[in-house]
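Shown next: data.txt, given as compact mmCIF, C-alpha atoms and all ligand atoms.
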```
# COMPACT_ATOMS: atom_id res chain seq x y z
CA MET A 18 4.75 4.31 -47.53
CA ASP A 19 1.37 4.03 -49.30
CA ASP A 20 1.16 0.28 -49.35
CA CYS A 21 2.45 -0.37 -45.84
CA GLY A 22 0.66 -2.65 -43.38
CA PRO A 23 -2.43 -1.42 -41.52
CA GLU A 24 -2.64 0.60 -38.32
CA VAL A 25 -3.92 -1.33 -35.30
CA ARG A 26 -5.79 0.57 -32.60
CA PHE A 27 -6.80 -0.79 -29.21
CA GLU A 28 -9.60 1.29 -27.68
CA THR A 29 -9.98 0.59 -23.95
CA VAL A 30 -9.84 -3.16 -24.52
CA SER A 31 -10.45 -5.54 -21.61
CA LYS A 32 -10.65 -9.28 -21.17
CA SER A 33 -11.18 -11.07 -17.89
CA TYR A 34 -11.05 -14.73 -16.91
CA GLY A 35 -12.33 -14.05 -13.41
CA ALA A 36 -9.24 -11.90 -12.89
CA PRO A 37 -8.39 -9.32 -15.57
CA ALA A 38 -6.04 -10.66 -18.26
CA VAL A 39 -6.11 -7.42 -20.27
CA ASP A 40 -7.25 -4.34 -18.42
CA ALA A 41 -8.48 -1.27 -20.35
CA VAL A 42 -5.62 -1.11 -22.85
CA ASP A 43 -5.47 1.95 -25.09
CA CYS A 44 -2.78 1.94 -27.73
CA THR A 45 -2.23 2.71 -31.41
CA ILE A 46 0.29 0.77 -33.46
CA ALA A 47 1.31 2.66 -36.56
CA GLY A 48 1.01 1.00 -39.97
CA GLY A 49 4.35 -0.43 -41.08
CA SER A 50 5.83 -0.54 -37.59
CA PHE A 51 7.40 -3.47 -35.76
CA VAL A 52 6.21 -3.62 -32.15
CA ALA A 53 7.42 -6.07 -29.52
CA LEU A 54 5.14 -6.96 -26.60
CA VAL A 55 7.15 -7.96 -23.54
CA GLY A 56 6.45 -8.56 -19.86
CA GLY A 57 6.39 -11.31 -17.29
CA SER A 58 4.46 -14.55 -17.52
CA GLY A 59 0.70 -13.97 -17.32
CA ALA A 60 1.03 -10.23 -18.09
CA GLY A 61 -1.60 -10.44 -20.84
CA LYS A 62 0.59 -10.29 -23.95
CA SER A 63 -0.86 -13.29 -25.82
CA THR A 64 -4.41 -12.36 -24.85
CA LEU A 65 -3.94 -8.85 -26.26
CA LEU A 66 -2.40 -10.23 -29.46
CA ARG A 67 -5.06 -12.89 -29.96
CA MET A 68 -7.85 -10.35 -29.66
CA VAL A 69 -6.63 -8.74 -32.91
CA ASN A 70 -7.57 -11.81 -34.97
CA ARG A 71 -10.41 -12.74 -32.63
CA LEU A 72 -8.98 -15.97 -31.34
CA VAL A 73 -10.01 -14.27 -28.09
CA GLU A 74 -13.04 -11.96 -27.98
CA PRO A 75 -12.76 -8.90 -25.72
CA ASP A 76 -15.29 -8.29 -22.93
CA ALA A 77 -15.14 -4.56 -23.52
CA GLY A 78 -13.57 -2.07 -25.89
CA ARG A 79 -12.85 -2.16 -29.58
CA ILE A 80 -9.96 -3.07 -31.84
CA ARG A 81 -9.66 -1.41 -35.21
CA VAL A 82 -7.45 -2.47 -38.09
CA ASP A 83 -7.07 0.48 -40.46
CA GLY A 84 -10.12 2.03 -38.83
CA ARG A 85 -12.35 -1.01 -39.26
CA ASP A 86 -13.70 -2.73 -36.13
CA VAL A 87 -12.46 -6.34 -36.17
CA ALA A 88 -15.83 -7.39 -34.72
CA ASP A 89 -17.55 -6.36 -37.99
CA GLY A 90 -17.94 -9.40 -40.18
CA PRO A 91 -17.07 -13.05 -39.70
CA ALA A 92 -13.90 -14.00 -37.82
CA PRO A 93 -12.61 -16.41 -40.53
CA TRP A 94 -12.79 -13.58 -43.09
CA LEU A 95 -10.69 -11.43 -40.74
CA ARG A 96 -8.16 -14.20 -40.08
CA ARG A 97 -7.49 -14.66 -43.76
CA ARG A 98 -6.25 -11.08 -43.83
CA ILE A 99 -4.01 -11.35 -40.80
CA GLY A 100 -0.92 -13.55 -40.63
CA TYR A 101 -0.45 -15.49 -37.39
CA VAL A 102 2.80 -17.20 -36.48
CA PHE A 103 3.11 -19.05 -33.19
CA GLN A 104 5.61 -21.28 -31.49
CA SER A 105 4.16 -24.68 -32.31
CA ILE A 106 3.43 -23.65 -35.94
CA GLY A 107 0.70 -26.22 -36.58
CA LEU A 108 1.82 -27.49 -39.99
CA MET A 109 -0.20 -30.44 -41.32
CA PRO A 110 2.18 -33.43 -41.09
CA HIS A 111 0.65 -35.39 -43.98
CA MET A 112 0.82 -32.46 -46.41
CA SER A 113 3.84 -31.19 -48.32
CA VAL A 114 5.29 -27.77 -47.55
CA ALA A 115 3.61 -26.37 -50.71
CA GLU A 116 0.23 -27.83 -49.69
CA ASN A 117 0.61 -26.39 -46.20
CA ILE A 118 1.37 -22.95 -47.62
CA ALA A 119 -1.61 -23.19 -49.99
CA LEU A 120 -4.07 -24.47 -47.39
CA VAL A 121 -5.62 -21.20 -46.19
CA PRO A 122 -5.95 -19.66 -49.68
CA ARG A 123 -7.49 -22.97 -50.86
CA ILE A 124 -10.07 -22.96 -48.06
CA ALA A 125 -10.75 -19.29 -48.73
CA GLY A 126 -11.17 -19.98 -52.45
CA THR A 127 -8.58 -17.35 -53.35
CA ALA A 128 -5.71 -17.64 -55.83
CA SER A 129 -3.08 -20.31 -55.20
CA PRO A 130 0.03 -18.77 -53.70
CA ASP A 131 3.37 -18.98 -55.47
CA ALA A 132 4.99 -21.44 -53.02
CA PRO A 133 8.52 -21.28 -54.51
CA ALA A 134 8.45 -17.46 -54.36
CA LEU A 135 7.23 -17.55 -50.74
CA LEU A 136 9.92 -20.06 -49.82
CA LYS A 137 12.52 -17.81 -51.44
CA MET A 138 11.21 -14.93 -49.35
CA VAL A 139 11.98 -16.87 -46.17
CA ASP A 140 15.32 -18.12 -47.54
CA LEU A 141 14.35 -21.73 -48.16
CA PRO A 142 15.23 -23.51 -51.43
CA ALA A 143 12.29 -23.89 -53.85
CA ASP A 144 12.66 -27.70 -53.89
CA TYR A 145 11.65 -27.83 -50.22
CA ALA A 146 8.11 -27.27 -51.50
CA SER A 147 7.67 -31.02 -52.01
CA ARG A 148 9.01 -32.06 -48.57
CA ARG A 149 6.88 -33.09 -45.63
CA PRO A 150 7.26 -30.96 -42.46
CA ASP A 151 8.98 -33.81 -40.58
CA ALA A 152 11.83 -33.65 -43.12
CA LEU A 153 12.66 -30.09 -42.01
CA SER A 154 14.59 -28.73 -39.03
CA GLY A 155 12.74 -26.71 -36.38
CA GLY A 156 14.08 -23.46 -37.83
CA GLN A 157 13.05 -24.44 -41.35
CA ARG A 158 9.56 -25.36 -40.16
CA GLN A 159 9.30 -21.99 -38.45
CA ARG A 160 10.21 -20.29 -41.73
CA VAL A 161 7.48 -22.30 -43.50
CA GLY A 162 5.15 -20.97 -40.79
CA VAL A 163 6.11 -17.41 -41.79
CA ALA A 164 5.66 -18.25 -45.52
CA ARG A 165 2.23 -19.73 -44.78
CA ALA A 166 1.22 -16.60 -42.85
CA LEU A 167 2.24 -14.47 -45.84
CA ALA A 168 0.51 -16.70 -48.40
CA THR A 169 -2.80 -14.84 -48.26
CA GLY A 170 -1.06 -11.53 -48.92
CA ALA A 171 -1.60 -10.42 -45.31
CA LYS A 172 0.15 -7.15 -44.42
CA LEU A 173 -0.48 -7.47 -40.69
CA MET A 174 1.50 -10.17 -38.90
CA LEU A 175 0.86 -11.34 -35.35
CA LEU A 176 3.78 -13.33 -33.96
CA ASP A 177 3.49 -15.12 -30.62
CA GLU A 178 6.92 -16.26 -29.42
CA PRO A 179 7.56 -17.25 -33.04
CA PHE A 180 11.18 -18.23 -32.56
CA GLY A 181 10.92 -19.36 -28.93
CA ALA A 182 11.61 -23.05 -29.49
CA LEU A 183 14.75 -22.52 -31.56
CA ASP A 184 18.40 -22.62 -30.52
CA PRO A 185 19.87 -19.15 -29.92
CA VAL A 186 21.93 -19.02 -33.13
CA THR A 187 19.03 -20.03 -35.38
CA ARG A 188 16.72 -17.77 -33.41
CA ASP A 189 18.98 -14.79 -33.94
CA ALA A 190 19.40 -15.50 -37.68
CA ILE A 191 15.67 -16.04 -38.29
CA GLY A 192 14.81 -12.96 -36.25
CA GLN A 193 17.12 -10.80 -38.38
CA ARG A 194 15.73 -12.32 -41.59
CA TYR A 195 12.18 -11.73 -40.46
CA ARG A 196 13.02 -8.11 -39.66
CA ALA A 197 14.41 -7.66 -43.20
CA LEU A 198 11.26 -9.24 -44.65
CA HIS A 199 9.06 -6.96 -42.51
CA GLN A 200 10.92 -3.98 -43.97
CA ARG A 201 10.90 -5.20 -47.55
CA LEU A 202 7.18 -6.04 -47.61
CA GLY A 203 6.15 -3.01 -45.54
CA LEU A 204 4.37 -5.17 -42.98
CA THR A 205 2.90 -4.22 -39.63
CA SER A 206 4.35 -6.75 -37.17
CA ILE A 207 3.31 -7.28 -33.55
CA MET A 208 5.51 -9.82 -31.79
CA VAL A 209 5.15 -11.28 -28.31
CA THR A 210 8.51 -12.31 -26.91
CA HIS A 211 10.03 -13.24 -23.56
CA ASP A 212 13.42 -12.18 -24.79
CA MET A 213 14.11 -8.51 -24.12
CA ALA A 214 17.30 -8.57 -26.19
CA GLU A 215 15.29 -9.88 -29.17
CA ALA A 216 12.70 -7.14 -28.62
CA LEU A 217 15.35 -4.41 -28.44
CA LEU A 218 17.21 -5.66 -31.50
CA LEU A 219 14.23 -6.28 -33.80
CA ALA A 220 11.44 -3.85 -32.89
CA ASP A 221 10.91 -0.13 -33.53
CA ARG A 222 8.87 0.12 -30.38
CA VAL A 223 8.69 -2.02 -27.25
CA ILE A 224 5.51 -2.21 -25.17
CA VAL A 225 5.88 -3.59 -21.65
CA MET A 226 2.86 -5.24 -20.02
CA ALA A 227 2.21 -6.12 -16.38
CA LYS A 228 -1.09 -7.31 -14.89
CA GLY A 229 -2.98 -6.68 -18.11
CA ARG A 230 -1.85 -3.09 -18.47
CA ILE A 231 0.76 -1.22 -20.47
CA VAL A 232 3.44 -0.10 -18.03
CA GLY A 233 6.13 0.95 -20.50
CA ASP A 234 6.06 2.06 -24.13
CA ALA A 235 9.18 3.36 -25.81
CA THR A 236 11.73 2.90 -28.57
CA PRO A 237 14.64 0.52 -27.91
CA ALA A 238 16.97 3.54 -27.58
CA GLU A 239 14.71 5.13 -24.95
CA MET A 240 14.44 1.80 -23.12
CA LEU A 241 18.21 1.43 -23.03
CA ALA A 242 18.52 5.01 -21.78
CA GLY A 243 16.26 4.13 -18.81
CA GLN A 244 13.40 6.36 -19.97
CA ALA A 245 10.60 3.78 -20.00
CA GLY A 246 9.84 3.16 -16.34
CA ALA A 247 10.78 0.70 -13.63
CA GLU A 248 9.34 -2.46 -15.24
CA ALA A 249 11.18 -1.76 -18.50
CA ASP A 250 14.39 -1.05 -16.57
CA ALA A 251 14.11 -4.40 -14.80
CA LEU A 252 13.69 -6.25 -18.12
CA VAL A 253 16.52 -4.34 -19.83
CA ALA A 254 18.81 -5.08 -16.86
CA VAL A 255 18.89 -8.82 -17.72
CA PRO A 256 20.54 -8.71 -21.17
CA ALA A 257 22.62 -5.70 -20.06
CA ARG A 258 24.00 -7.67 -17.11
CA GLN A 259 24.69 -10.70 -19.33
CA ALA A 260 26.53 -8.53 -21.87
CA GLU A 261 28.65 -7.01 -19.08
CA ALA A 262 29.43 -10.41 -17.59
CA ILE A 263 30.53 -11.73 -21.00
CA ALA A 264 32.64 -8.62 -21.59
CA ALA A 265 34.26 -9.15 -18.16
CA LEU A 266 35.03 -12.80 -18.98
CA ARG A 267 36.71 -11.66 -22.17
CA GLY A 268 38.89 -9.40 -20.00
N1 LIG B 301 -8.33 -19.38 -21.84
C1 LIG B 301 -8.03 -18.92 -20.62
N2 LIG B 301 -8.73 -19.30 -19.54
C2 LIG B 301 -8.47 -18.82 -18.30
N3 LIG B 301 -7.48 -17.94 -18.05
C3 LIG B 301 -6.73 -17.53 -19.07
C4 LIG B 301 -6.96 -17.99 -20.41
N4 LIG B 301 -6.05 -17.40 -21.23
C5 LIG B 301 -5.29 -16.63 -20.44
N5 LIG B 301 -5.68 -16.70 -19.16
C6 LIG B 301 -5.10 -15.96 -18.03
O1 LIG B 301 -4.96 -14.62 -18.41
C7 LIG B 301 -3.73 -14.07 -17.95
C8 LIG B 301 -2.93 -13.53 -19.11
O2 LIG B 301 -2.52 -14.62 -19.94
P1 LIG B 301 -1.65 -14.42 -21.24
O3 LIG B 301 -1.47 -15.76 -21.86
O4 LIG B 301 -2.24 -13.35 -22.06
O5 LIG B 301 -0.28 -13.90 -20.62
P2 LIG B 301 1.15 -13.77 -21.30
O6 LIG B 301 1.68 -12.44 -20.90
O7 LIG B 301 1.06 -14.04 -22.76
O8 LIG B 301 1.92 -14.93 -20.54
P3 LIG B 301 3.11 -15.89 -20.98
O9 LIG B 301 4.28 -14.99 -21.21
O10 LIG B 301 3.30 -16.78 -19.80
O11 LIG B 301 2.68 -16.62 -22.22
C9 LIG B 301 -3.05 -15.19 -17.18
O12 LIG B 301 -3.30 -15.02 -15.81
C10 LIG B 301 -3.69 -16.44 -17.71
O13 LIG B 301 -3.69 -17.47 -16.76
```
Using structure tokens, write down the structure that the file contains.
Ligand SMILES: Nc1ncnc2c1ncn2[C@@H]1O[C@H](COP(=O)(O)OP(=O)(O)OP(=O)(O)O)[C@@H](O)[C@H]1O
Amino acid sequence: MDDCGPEVRFETVSKSYGAPAVDAVDCTIAGGSFVALVGGSGAGKSTLLRMVNRLVEPDAGRIRVDGRDVADGPAPWLRRRIGYVFQSIGLMPHMSVAENIALVPRIAGTASPDAPALLKMVDLPADYASRRPDALSGGQRQRVGVARALATGAKLMLLDEPFGALDPVTRDAIGQRYRALHQRLGLTSIMVTHDMAEALLLADRVIVMAKGRIVGDATPAEMLAGQAGAEADALVAVPARQAEAIAALRG
């Protein structure tokens, strides 16, 4: 696909806070792919993700987006070209949904986004544009967060536990919808998640981190076939065991 999202390349990237948080990571994420970053708490997933839009600056190494070093040029310029969706969303409570969606383009001095079209993209009715965030459910707010991230025309999306605070049914539905949107818009999506089932069901490729390093890197099918190493096997075992237990309960 010519107009698919950019490639993201990590070149021996490290970040330490006394102890290494990310330790010499080398990895290339193909343009247009959907990659899930999984691993235990403190493994370095969010740090790795946040180095792409320079919310965290690496101590060593380089990150390139479509070949261009993210360290070249001002960070705000970079962030306007990269969508970022995170658990607590950060919508402005005193602004309408439409104003929230238009905020970054307004600050950047670029064209006003088509809020109704963006809301349609995330399956929200156009008349929600005039609502305040507190008049929306958690799932609806999260979808506004996705619309806001897309408002600048970004083709690279960084998602940090984007659906983590939602109930499982909403989480599943929004995850599937986001996946369809990723496909339709030809985005590159990198998503941190604690939920291995979500990673296996949504991503093309699952990267497992432990102690700041990549310890597993495979497709969901390879992960399920036990071909991605011990750490991946341990993470896959959880949803697999739950599925078996539910099947057993069903008789
Ligand atoms: N701003 C910071 N100051 C000090 N230490 C930090 C900072 N940010 C992260 N760390 C440390 O770096 C390590 C990696 O953190 P990171 O948030 O990247 O892990 P994670 O895999 O995303 O974890 P979780 O799944 O719990 O969110 C942890 O040991 C964490 O305590």
Using 6 Å as the limit and counting only C-alpha atoms and all ligand atoms, can you tabulate each residue of chain A that touches ligand LIG 301 (chain B), with its shortest atom-to-atom distance in Å and the two atoms involved, as a Markdown table?
```
| residue | atom | partner | partner_atom | distance |
| --- | --- | --- | --- | --- |
| A:Tyr34 | CA | B:LIG301 | N3 | 4.9 |
| A:Ala38 | CA | B:LIG301 | O1 | 4.1 |
| A:Gly57 | CA | B:LIG301 | O9 | 5.8 |
| A:Ser58 | CA | B:LIG301 | O10 | 3.4 |
| A:Gly59 | CA | B:LIG301 | O5 | 3.4 |
| A:Ala60 | CA | B:LIG301 | O6 | 3.6 |
| A:Gly61 | CA | B:LIG301 | O4 | 3.2 |
| A:Lys62 | CA | B:LIG301 | O6 | 3.9 |
| A:Ser63 | CA | B:LIG301 | O7 | 3.7 |
| A:Thr64 | CA | B:LIG301 | O4 | 3.7 |
```
Please produce an output containing C-alpha atoms for each residue in the selection, written as a PDB file, in the frame of the given file.
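Final file, selection08.pdb:
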```pdb
ATOM      1  CA  TYR A  34     -11.050 -14.730 -16.910  1.00  0.00           C
ATOM      2  CA  ALA A  38      -6.040 -10.660 -18.260  1.00  0.00           C
ATOM      3  CA  GLY A  57       6.390 -11.310 -17.290  1.00  0.00           C
ATOM      4  CA  SER A  58       4.460 -14.550 -17.520  1.00  0.00           C
ATOM      5  CA  GLY A  59       0.700 -13.970 -17.320  1.00  0.00           C
ATOM      6  CA  ALA A  60       1.030 -10.230 -18.090  1.00  0.00           C
ATOM      7  CA  GLY A  61      -1.600 -10.440 -20.840  1.00  0.00           C
ATOM      8  CA  LYS A  62       0.590 -10.290 -23.950  1.00  0.00           C
ATOM      9  CA  SER A  63      -0.860 -13.290 -25.820  1.00  0.00           C
ATOM     10  CA  THR A  64      -4.410 -12.360 -24.850  1.00  0.00           C
TER      11      THR A  64
END
```
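Across the model, the gap from CA of Gly203 (chain A) to CA of Ile124 (chain A) is 25.8 Å.
With all atoms listed in the file as the basis for measurement, A:Asp140 is the residue among A:Asp131, A:Asp83, A:Asp140, A:Asp76 that approaches Ala197 (chain A) most closely.
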Go through A:Ile118, A:Ala152, A:Ala41, A:Val55 one by one, measure the shortest atom-to-atom distance of each to Val253 (chain A) using only C-alpha atoms, and give the residue with the smallest value. A:Val55
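Nearest to Leu54 (chain A) of all the residues A:Gly229, A:Pro122, A:Gly100, A:Gly162 is A:Gly229, based on all atoms listed in the file.
Using only C-alpha atoms for every distance, the candidate list A:Ala36, A:Leu66, A:Ala264, A:Ala146 yields A:Leu66 as the residue closest to Met174 (chain A).
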